[in-house]
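In what follows, a structure is listed as structure tokens, so that the remarks can point back to it.
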Amino acid sequence: MNLSKLVSPNYICFQQYLYVSGTCLANNLKIPVGIIETGAQIYLSTRSAEWKYIVHQGHKWFDYNCIPVEIIIRYQVPLQEELIEVFKNSLPAETENKLYQNEMLAIQIALNHSELFISEFKASSIQKDKITG
């Protein structure tokens, strides 16, 4: 799957992470804004895994896997794989320049929030004693 095909104003996919804008959660997935904001406050105050989000350019981007199960059931939120398929199928054909810009946006967000990915990078890195010169 090409990373840049999953970047839009509402979705960012990087490795196994899918982030959805708070606006998209409210407008497209019909989760009430009050529930989203309450969840964001709980995440900040308790560092719970639920409602985990990052802030990029003043907007909250929620980790799709951290939306509470009761919210997913109550508001019939699609599974991550289903959402990705629907999103991929709805994308218009893009120019190479637009794909490059989207790729750079995903990379910039990953760099700005590298602490989220450090454990992933460490897990897949080659140990120094296995490298020969």
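The chains in the structure tokens are called A, B, ... from first to last as shown; in each chain the residues are counted from 1, and the ligands are counted from 1 in the order shown.
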
Proximity check segment 50-91 of chain A to segment 26-45 of chain A, 9 Å, nearest pairs one decimal Å, only C-alpha atoms, as a Markdown table:
| residue | atom | partner | partner_atom | distance |
| --- | --- | --- | --- | --- |
| A:Glu50 | CA | A:Tyr43 | CA | 6.5 |
| A:Trp51 | CA | A:Gly39 | CA | 5.4 |
| A:Lys52 | CA | A:Tyr43 | CA | 6.1 |
| A:Tyr53 | CA | A:Ala40 | CA | 7.4 |
| A:Lys60 | CA | A:Ala40 | CA | 8.8 |
| A:Phe62 | CA | A:Ala40 | CA | 8.8 |
| A:Ile67 | CA | A:Gly39 | CA | 8.9 |
| A:Ile71 | CA | A:Ile31 | CA | 7.9 |
| A:Tyr75 | CA | A:Ile31 | CA | 6.5 |
| A:Gln76 | CA | A:Leu29 | CA | 8.2 |
| A:Val77 | CA | A:Leu29 | CA | 6.4 |
| A:Pro78 | CA | A:Leu29 | CA | 8.6 |

Go ahead and write the residues just picked, N, CA and C atoms, as a PDB file, in the first residue's frame.
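Saved file again-v2.pdb follows:
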ATOM      1  N   GLU A  50      -6.739   5.517  25.831  1.00  0.00           N
ATOM      2  CA  GLU A  50      -7.930   5.899  25.093  1.00  0.00           C
ATOM      3  C   GLU A  50      -7.855   7.362  24.676  1.00  0.00           C
ATOM      4  N   TRP A  51      -8.355   7.639  23.481  1.00  0.00           N
ATOM      5  CA  TRP A  51      -8.416   8.982  22.902  1.00  0.00           C
ATOM      6  C   TRP A  51      -7.039   9.601  22.680  1.00  0.00           C
ATOM      7  N   LYS A  52      -6.011   8.784  22.516  1.00  0.00           N
ATOM      8  CA  LYS A  52      -4.661   9.307  22.272  1.00  0.00           C
ATOM      9  C   LYS A  52      -4.675  10.154  20.999  1.00  0.00           C
ATOM     10  N   TYR A  53      -4.016  11.303  21.073  1.00  0.00           N
ATOM     11  CA  TYR A  53      -3.960  12.172  19.902  1.00  0.00           C
ATOM     12  C   TYR A  53      -2.654  12.942  19.868  1.00  0.00           C
ATOM     13  N   LYS A  60      -6.233  18.597  16.289  1.00  0.00           N
ATOM     14  CA  LYS A  60      -6.040  17.310  16.965  1.00  0.00           C
ATOM     15  C   LYS A  60      -6.219  16.181  15.956  1.00  0.00           C
ATOM     16  N   PHE A  62      -6.483  12.123  16.099  1.00  0.00           N
ATOM     17  CA  PHE A  62      -6.695  11.021  17.024  1.00  0.00           C
ATOM     18  C   PHE A  62      -6.211   9.702  16.429  1.00  0.00           C
ATOM     19  N   ILE A  67      -9.603   4.850  19.875  1.00  0.00           N
ATOM     20  CA  ILE A  67     -10.994   5.246  20.109  1.00  0.00           C
ATOM     21  C   ILE A  67     -11.624   4.147  20.961  1.00  0.00           C
ATOM     22  N   ILE A  71     -17.456   3.564  22.132  1.00  0.00           N
ATOM     23  CA  ILE A  71     -17.749   4.605  21.135  1.00  0.00           C
ATOM     24  C   ILE A  71     -17.861   3.964  19.753  1.00  0.00           C
ATOM     25  N   TYR A  75     -21.517   4.362  17.965  1.00  0.00           N
ATOM     26  CA  TYR A  75     -21.634   5.212  16.777  1.00  0.00           C
ATOM     27  C   TYR A  75     -21.318   4.464  15.491  1.00  0.00           C
ATOM     28  N   GLN A  76     -21.224   3.143  15.578  1.00  0.00           N
ATOM     29  CA  GLN A  76     -20.983   2.278  14.427  1.00  0.00           C
ATOM     30  C   GLN A  76     -19.799   2.766  13.583  1.00  0.00           C
ATOM     31  N   VAL A  77     -18.701   3.022  14.280  1.00  0.00           N
ATOM     32  CA  VAL A  77     -17.473   3.464  13.626  1.00  0.00           C
ATOM     33  C   VAL A  77     -16.863   2.262  12.914  1.00  0.00           C
ATOM     34  N   PRO A  78     -16.501   2.396  11.624  1.00  0.00           N
ATOM     35  CA  PRO A  78     -15.934   1.252  10.903  1.00  0.00           C
ATOM     36  C   PRO A  78     -14.568   0.859  11.454  1.00  0.00           C
TER      37      PRO A  78
END

(request) Would you mind listing what lies within 6 Å of segment 10-12 of chain A as a PyMOL selection string, with only C-alpha atoms counted and same-chain residues fewer than 3 positions away left out? (result) chain A and resi 7+18-21+24

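The smallest atom-to-atom distance between His113 of chain A and any of A:Cys66, A:Ile54, A:Leu83, A:Ile72, using only C-alpha atoms, is found for A:Ile54.
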